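Colleague: Got a structure here, written out as structure tokens. Questions coming.
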Amino acid sequence: MERTGRIIKSISGFYDVLDDENEELIRTRARGNFRKRKIKPLVGDKVGFDATGDLGYILEILPRENSLVRPPIANIDQAIVVTSSAEPNFSSNLLDKILVNIEHNDIEPLIYLTKADLLTAEKYNDLKQILQGYQTAGYQVFDDQDSYNDDQLEKLEATFADKVTVFTGQSGAGKSTLLNHIDKELGLATAEISQTLNRGKHTTRQVSLFDIADGLVADTPGFSSIDLMEITPEELPSLFPEFLKYSGQCQFRGCRHVNEPNCKVKEELAEGQIMHSRYDNYLYFLNEINSYKKRY
Ligand SMILES: Nc1nc2c(ncn2[C@@H]2O[C@H](COP(=O)(O)OP(=O)(O)OP(=O)(O)O)[C@@H](O)[C@H]2O)c(=O)[nH]1
Ligand SMILES: [Zn+2]
């Protein structure tokens with residue numbers, strides 16, 4: 001009889017499946033017909049499988065809610081955007097770019113500040129102000145100056161239950177360090193970042209889901225840059241949740257909030273209800289996306 005479960009790890013052609021019924025871990029292979037159809041099972045996939053002997057076989061992959069390429073994971077509910085204050089420096093442009101990519105994949109982003117202990121009290125307060133703006137825009141923000149404050153870690157863990165969570169962010173932002181604080185037994189490799197380049201070394205390679213606080217959690221390889229290749233100019237305004245609050249009141253359906261008359265988003269921007277940095281980054285991204293189109 002076919003059993004169901006979720007792939008939580010993939011290692012050179014084998015997939016470790018967590019059985020839905022009894023939480024047993026079963027090593028499986030994909031049936032040859034997947035390879036012929038060019039379907040590759042992903043960590044996070046819900047699968048139907050069959051296991052009689054030592055080794056099981058994946059019989060079917062259930063429809064995916066979403067999937068990421070980097071890291072290759074399917075059916076993700078939320079992403080913890082690990083956002084460094086210093087080394088590497090905070091960049092609202094990078095943060096917004098990450099958020100837009102996550103929103104595009106129908107994943108809920110949460111913002112988690114790290115390395116604020118490296119800031120002066122004044123710089124930290126400035127950054128906190130900015131992050132308050134993200135809270136107002138609709139994001140859950142964790143902004144304690146001590147990233148490993150127990151209360152805050154508990155609040156973060158409380159969001160894991162019954163979800164698949166990925167940790168994402170720039171290389172060197174502190175993803176592995178944060179996860180190691182959450183689960184002392186993980187022992188993920190962390191790296192000193194290269195001082196001269198102010199850019200992290202890539203220390204995280206394999207993708208697997210860990211069972212933490214009644215949920216499944218993945219560390220992911222950091223990146224040094226990301227693009228907006230998958231996003232269209234039509235879609236972009238819908239990836240800013242605070243624009244969505246007002247776009248229904250713009251005069252034109254499909255308003256891009258650039259030069260259109262009676263644009264409610266621009267009114268709210270002028271009123272201070274929408275952050276200037278977010279709007280400026282929006283225009284910047286729109287430009288970037290349009291420049292891709294010209295090239296191809
Ligand atoms: N001062 C300070 N250093 C931190 C903090 N969090 C992480 N670090 C340091 O930053 C460096 C990079 O941390 P990692 O956890 O390896 O970063 P990562 O995001 O997992 O990096 P990749 O694996 O390259 O994506 C390490 O030297 C950590 O010790 C923090 O809150 N404060
Ligand atoms: Zn508008």
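The way I read the labels, and the way they are meant: chains A, B, ... in the order of the structure tokens, residue 1 as the first residue of every chain, and ligand 1 as the first ligand shown, with later ones counted on from there.
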For the interface of chain A with ligand 2 (cut-off 6 Å, counting only C-alpha atoms and all ligand atoms), please tabulate each contacting residue of chain A alongside its nearest pair of atoms and their separation in Å to one decimal, rows sorted by chain and increasing number, as JSON lines.

Modeller:
```
{"residue": "A:Ser247", "atom": "CA", "partner": "ligand 2", "partner_atom_place_in_ligand_line": "1 (Zn)", "distance": 5.5}
{"residue": "A:Cys250", "atom": "CA", "partner": "ligand 2", "partner_atom_place_in_ligand_line": "1 (Zn)", "distance": 4.7}
{"residue": "A:Cys255", "atom": "CA", "partner": "ligand 2", "partner_atom_place_in_ligand_line": "1 (Zn)", "distance": 4.5}
{"residue": "A:Arg256", "atom": "CA", "partner": "ligand 2", "partner_atom_place_in_ligand_line": "1 (Zn)", "distance": 5.6}
{"residue": "A:His257", "atom": "CA", "partner": "ligand 2", "partner_atom_place_in_ligand_line": "1 (Zn)", "distance": 3.6}
{"residue": "A:Cys263", "atom": "CA", "partner": "ligand 2", "partner_atom_place_in_ligand_line": "1 (Zn)", "distance": 3.7}
{"residue": "A:Lys264", "atom": "CA", "partner": "ligand 2", "partner_atom_place_in_ligand_line": "1 (Zn)", "distance": 5.3}
{"residue": "A:Val265", "atom": "CA", "partner": "ligand 2", "partner_atom_place_in_ligand_line": "1 (Zn)", "distance": 5.0}
```

Colleague: Kindly export the residues of the current selection with C-alpha atoms, as an mmCIF file, in the first residue's frame.

Modeller:
```
data_model
loop_
_atom_site.group_PDB
_atom_site.id
_atom_site.type_symbol
_atom_site.label_atom_id
_atom_site.label_comp_id
_atom_site.auth_asym_id
_atom_site.auth_seq_id
_atom_site.Cartn_x
_atom_site.Cartn_y
_atom_site.Cartn_z
ATOM 1 C CA SER A 247 -3.711 50.174 -4.928
ATOM 2 C CA CYS A 250 -5.795 54.155 -7.461
ATOM 3 C CA CYS A 255 -1.633 51.275 -11.787
ATOM 4 C CA ARG A 256 2.173 51.053 -11.586
ATOM 5 C CA HIS A 257 2.268 54.010 -9.190
ATOM 6 C CA CYS A 263 -2.483 57.291 -7.594
ATOM 7 C CA LYS A 264 -3.331 56.458 -3.997
ATOM 8 C CA VAL A 265 0.071 54.851 -3.405
#
```

Colleague: DSSP on the backbone: which residues in region 62-244 of chain A end up as alpha helix (DSSP H)? Give the answer as a PyMOL selection string.

Modeller: chain A and resi 92-104+121-137+150-158+175-182+241-244

Colleague: How about saving the chosen residues, N, CA and C atoms kept, as a short mmCIF file (atom, residue, chain, number, x, y, z; two decimals), in the first residue's frame?

Modeller:
```cif
data_model
loop_
_atom_site.label_atom_id
_atom_site.label_comp_id
_atom_site.auth_asym_id
_atom_site.auth_seq_id
_atom_site.Cartn_x
_atom_site.Cartn_y
_atom_site.Cartn_z
N SER A 92 19.02 48.53 2.48
CA SER A 92 17.57 48.41 2.27
C SER A 92 17.30 47.90 0.87
N ASN A 93 18.18 48.22 -0.07
CA ASN A 93 18.01 47.74 -1.43
C ASN A 93 18.09 46.22 -1.48
N LEU A 94 19.09 45.67 -0.83
CA LEU A 94 19.23 44.21 -0.81
C LEU A 94 18.06 43.57 -0.06
N LEU A 95 17.70 44.14 1.10
CA LEU A 95 16.59 43.57 1.87
C LEU A 95 15.31 43.56 1.03
N ASP A 96 15.01 44.67 0.36
CA ASP A 96 13.79 44.73 -0.44
C ASP A 96 13.83 43.75 -1.60
N LYS A 97 14.99 43.57 -2.17
CA LYS A 97 15.14 42.63 -3.28
C LYS A 97 14.87 41.19 -2.81
N ILE A 98 15.40 40.88 -1.65
CA ILE A 98 15.16 39.55 -1.09
C ILE A 98 13.66 39.39 -0.80
N LEU A 99 13.05 40.40 -0.19
CA LEU A 99 11.63 40.33 0.16
C LEU A 99 10.77 40.14 -1.07
N VAL A 100 11.10 40.88 -2.14
CA VAL A 100 10.33 40.79 -3.37
C VAL A 100 10.41 39.38 -3.96
N ASN A 101 11.60 38.81 -3.94
CA ASN A 101 11.76 37.44 -4.46
C ASN A 101 10.98 36.43 -3.63
N ILE A 102 10.94 36.63 -2.33
CA ILE A 102 10.21 35.71 -1.47
C ILE A 102 8.71 35.85 -1.69
N GLU A 103 8.24 37.09 -1.74
CA GLU A 103 6.81 37.34 -2.00
C GLU A 103 6.40 36.73 -3.34
N HIS A 104 7.28 36.83 -4.32
CA HIS A 104 7.00 36.27 -5.65
C HIS A 104 6.74 34.76 -5.58
N ALA A 121 25.03 52.80 19.80
CA ALA A 121 23.63 52.95 20.21
C ALA A 121 22.88 53.82 19.20
N GLU A 122 23.56 54.85 18.72
CA GLU A 122 22.91 55.78 17.79
C GLU A 122 22.58 55.10 16.46
N LYS A 123 23.55 54.40 15.90
CA LYS A 123 23.34 53.70 14.63
C LYS A 123 22.26 52.62 14.77
N TYR A 124 22.27 51.97 15.93
CA TYR A 124 21.27 50.93 16.15
C TYR A 124 19.87 51.54 16.18
N ASN A 125 19.73 52.69 16.85
CA ASN A 125 18.42 53.34 16.90
C ASN A 125 17.93 53.77 15.52
N ASP A 126 18.85 54.26 14.69
CA ASP A 126 18.48 54.62 13.31
C ASP A 126 17.94 53.40 12.57
N LEU A 127 18.64 52.29 12.72
CA LEU A 127 18.25 51.08 12.02
C LEU A 127 16.92 50.56 12.53
N LYS A 128 16.73 50.69 13.83
CA LYS A 128 15.47 50.25 14.45
C LYS A 128 14.29 51.03 13.88
N GLN A 129 14.51 52.34 13.68
CA GLN A 129 13.48 53.18 13.07
C GLN A 129 13.09 52.64 11.70
N ILE A 130 14.10 52.33 10.91
CA ILE A 130 13.86 51.81 9.56
C ILE A 130 13.06 50.51 9.66
N LEU A 131 13.47 49.65 10.57
CA LEU A 131 12.81 48.34 10.68
C LEU A 131 11.37 48.48 11.19
N GLN A 132 11.11 49.53 12.00
CA GLN A 132 9.74 49.81 12.41
C GLN A 132 8.86 50.04 11.18
N GLY A 133 9.45 50.70 10.19
CA GLY A 133 8.74 50.94 8.93
C GLY A 133 8.34 49.64 8.25
N TYR A 134 9.20 48.64 8.33
CA TYR A 134 8.89 47.34 7.73
C TYR A 134 7.76 46.66 8.50
N GLN A 135 7.77 46.87 9.81
CA GLN A 135 6.69 46.32 10.64
C GLN A 135 5.36 46.94 10.21
N THR A 136 5.37 48.27 10.03
CA THR A 136 4.16 48.96 9.58
C THR A 136 3.73 48.48 8.20
N ALA A 137 4.71 48.17 7.36
CA ALA A 137 4.38 47.68 6.01
C ALA A 137 3.74 46.30 6.07
N ASP A 150 17.15 35.42 24.55
CA ASP A 150 16.31 34.23 24.70
C ASP A 150 14.84 34.46 24.37
N ASP A 151 14.30 35.57 24.84
CA ASP A 151 12.88 35.85 24.57
C ASP A 151 12.62 35.93 23.09
N GLN A 152 13.52 36.61 22.40
CA GLN A 152 13.33 36.77 20.96
C GLN A 152 13.48 35.44 20.22
N LEU A 153 14.46 34.64 20.65
CA LEU A 153 14.64 33.33 20.02
C LEU A 153 13.39 32.47 20.21
N GLU A 154 12.79 32.57 21.40
CA GLU A 154 11.57 31.81 21.67
C GLU A 154 10.43 32.25 20.76
N LYS A 155 10.33 33.57 20.57
CA LYS A 155 9.27 34.09 19.69
C LYS A 155 9.47 33.60 18.27
N LEU A 156 10.72 33.57 17.86
CA LEU A 156 11.00 33.10 16.50
C LEU A 156 10.62 31.62 16.38
N GLU A 157 11.06 30.82 17.35
CA GLU A 157 10.75 29.39 17.31
C GLU A 157 9.26 29.11 17.30
N ALA A 158 8.52 29.98 17.98
CA ALA A 158 7.07 29.78 18.04
C ALA A 158 6.43 29.88 16.66
N LYS A 175 23.23 33.32 9.36
CA LYS A 175 22.17 32.31 9.33
C LYS A 175 22.53 31.08 10.15
N SER A 176 23.71 30.54 9.87
CA SER A 176 24.11 29.31 10.57
C SER A 176 24.30 29.57 12.06
N THR A 177 24.88 30.71 12.38
CA THR A 177 25.09 31.06 13.79
C THR A 177 23.74 31.14 14.52
N LEU A 178 22.77 31.77 13.88
CA LEU A 178 21.43 31.90 14.48
C LEU A 178 20.79 30.53 14.68
N LEU A 179 20.88 29.69 13.65
CA LEU A 179 20.29 28.34 13.77
C LEU A 179 20.98 27.53 14.86
N ASN A 180 22.28 27.71 14.99
CA ASN A 180 23.00 26.98 16.05
C ASN A 180 22.55 27.44 17.44
N HIS A 181 22.15 28.71 17.56
CA HIS A 181 21.63 29.18 18.85
C HIS A 181 20.24 28.61 19.12
N ILE A 182 19.48 28.40 18.06
CA ILE A 182 18.13 27.86 18.23
C ILE A 182 18.20 26.39 18.60
N PRO A 241 3.61 44.64 -0.05
CA PRO A 241 2.31 44.51 0.64
C PRO A 241 1.68 45.85 1.02
N GLU A 242 2.50 46.86 1.33
CA GLU A 242 1.90 48.14 1.72
C GLU A 242 1.32 48.87 0.51
N PHE A 243 1.80 48.57 -0.70
CA PHE A 243 1.19 49.16 -1.90
C PHE A 243 -0.18 48.52 -2.11
N LEU A 244 -0.24 47.22 -1.87
CA LEU A 244 -1.49 46.48 -2.07
C LEU A 244 -2.62 47.03 -1.20
#
```

Colleague: Given the choices A:Ser277, A:Asn149, A:Gln249, A:Thr168, which gets closest to Thr83 (chain A) if the distance is worked out from only C-alpha atoms?

Modeller: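 Looking at the shortest contact to Thr83 (chain A), the residue is A:Thr168.
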
Colleague: Counting only C-alpha atoms, which residue out of A:Tyr15, A:Val258, A:Val217, A:Asn105 sits closest to Ala161 (chain A)?

Modeller: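 Closest to Ala161 (chain A), using only C-alpha atoms: A:Val217.
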
Colleague: Please return, as a PyMOL selection string, all residues of region 45-291 of chain A that DSSP assigns to strand (DSSP E) on the basis of the backbone.

Modeller: chain A and resi 46-51+56-61+67-68+73-74+78-84+108-114+140-142+164-168+209-212+215-218

Colleague: Since we have the selection now, will you write its residues out, keeping C-alpha atoms, as a compact mmCIF listing (two decimals), in the first residue's frame?

Modeller:
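Wrote it out as again27.txt, contents follow:
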```txt
# COMPACT_ATOMS: atom_id res chain seq x y z
CA LYS A 46 5.31 15.57 -0.31
CA VAL A 47 5.50 12.15 -1.88
CA GLY A 48 3.70 8.86 -2.20
CA PHE A 49 6.13 6.02 -1.63
CA ASP A 50 6.37 2.33 -1.19
CA ALA A 51 8.71 0.59 1.23
CA GLY A 56 11.78 2.54 -0.49
CA TYR A 57 10.71 3.93 -3.83
CA ILE A 58 9.10 7.25 -4.52
CA LEU A 59 6.01 6.58 -6.62
CA GLU A 60 4.63 10.06 -7.01
CA ILE A 61 5.36 13.66 -6.13
CA SER A 67 9.67 25.75 -4.98
CA LEU A 68 12.97 27.55 -4.90
CA ILE A 73 13.39 23.15 -1.70
CA ALA A 74 9.64 22.73 -2.29
CA GLN A 78 7.97 31.03 5.54
CA ALA A 79 11.43 32.49 5.15
CA ILE A 80 13.49 34.06 7.90
CA VAL A 81 15.39 36.85 6.17
CA VAL A 82 18.55 37.09 8.23
CA THR A 83 19.55 40.72 7.88
CA SER A 84 22.95 41.85 8.98
CA GLU A 108 5.87 34.64 3.99
CA PRO A 109 9.02 36.60 4.87
CA LEU A 110 10.00 37.50 8.45
CA ILE A 111 12.90 39.89 9.06
CA TYR A 112 15.52 38.93 11.63
CA LEU A 113 18.25 41.45 12.48
CA THR A 114 21.73 40.20 13.32
CA GLN A 140 7.07 40.58 11.35
CA VAL A 141 10.39 42.00 12.52
CA PHE A 142 12.84 40.74 15.13
CA VAL A 164 8.48 24.54 6.55
CA THR A 165 10.82 27.45 7.25
CA VAL A 166 13.95 28.44 5.37
CA PHE A 167 16.65 30.75 6.63
CA THR A 168 17.88 32.98 3.88
CA LEU A 209 15.25 19.96 6.74
CA PHE A 210 15.71 19.78 10.50
CA ASP A 211 12.95 19.01 12.95
CA ILE A 212 12.86 22.06 15.25
CA GLY A 215 8.32 22.33 12.36
CA LEU A 216 10.83 21.69 9.59
CA VAL A 217 13.65 24.17 9.15
CA ALA A 218 16.38 24.56 6.53
```

Colleague: Go through A:Arg253, A:Lys115, A:Lys184, A:Lys293 and flag the residue nearest Pro233 (chain A), using only C-alpha atoms for the distances.

Modeller: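 Answer, going by the shortest atom-to-atom distance: A:Lys293.
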
Colleague: Using only C-alpha atoms, which of the listed residues (A:Phe285, A:Arg35, A:Ser147, A:Asn75) sits closest to Met229 (chain A)?

Modeller: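 Smallest separation from Met229 (chain A) among the options: A:Phe285.
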
Colleague: Record the distance separating CA of Ala116 (chain A) and CA of Tyr279 (chain A), expressed in Å with one decimal.

Modeller: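 Going from CA of Ala116 (chain A) over to CA of Tyr279 (chain A), I get 25.1 Å.
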
Colleague: In Å to one decimal, how far is CA of Ser85 (chain A) from atom 10 (O, counted along the ligand's line) of ligand 1?

Modeller: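 Between atom 10 (O, counted along the ligand's line) of ligand 1 and CA of Ser85 (chain A) the gap works out to 10.8 Å.
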
Colleague: With only C-alpha atoms and all ligand atoms as the atoms that count, which of A:Gln251, A:Ser91, A:Thr52, A:Gln170 lies nearest to ligand 1?

Modeller: A:Gln170

Colleague: Between A:Val43, A:Ala213, A:Leu269, A:Ala173, single out the one closest to ligand 1, counting only C-alpha atoms and all ligand atoms.

Modeller: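 Residue with the minimum atom-to-atom distance to ligand 1: A:Ala173.
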
Colleague: So how far away is CA of Met275 (chain A) from CA of Phe252 (chain A), in Å?

Modeller: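 So the answer is 22.0 Å.
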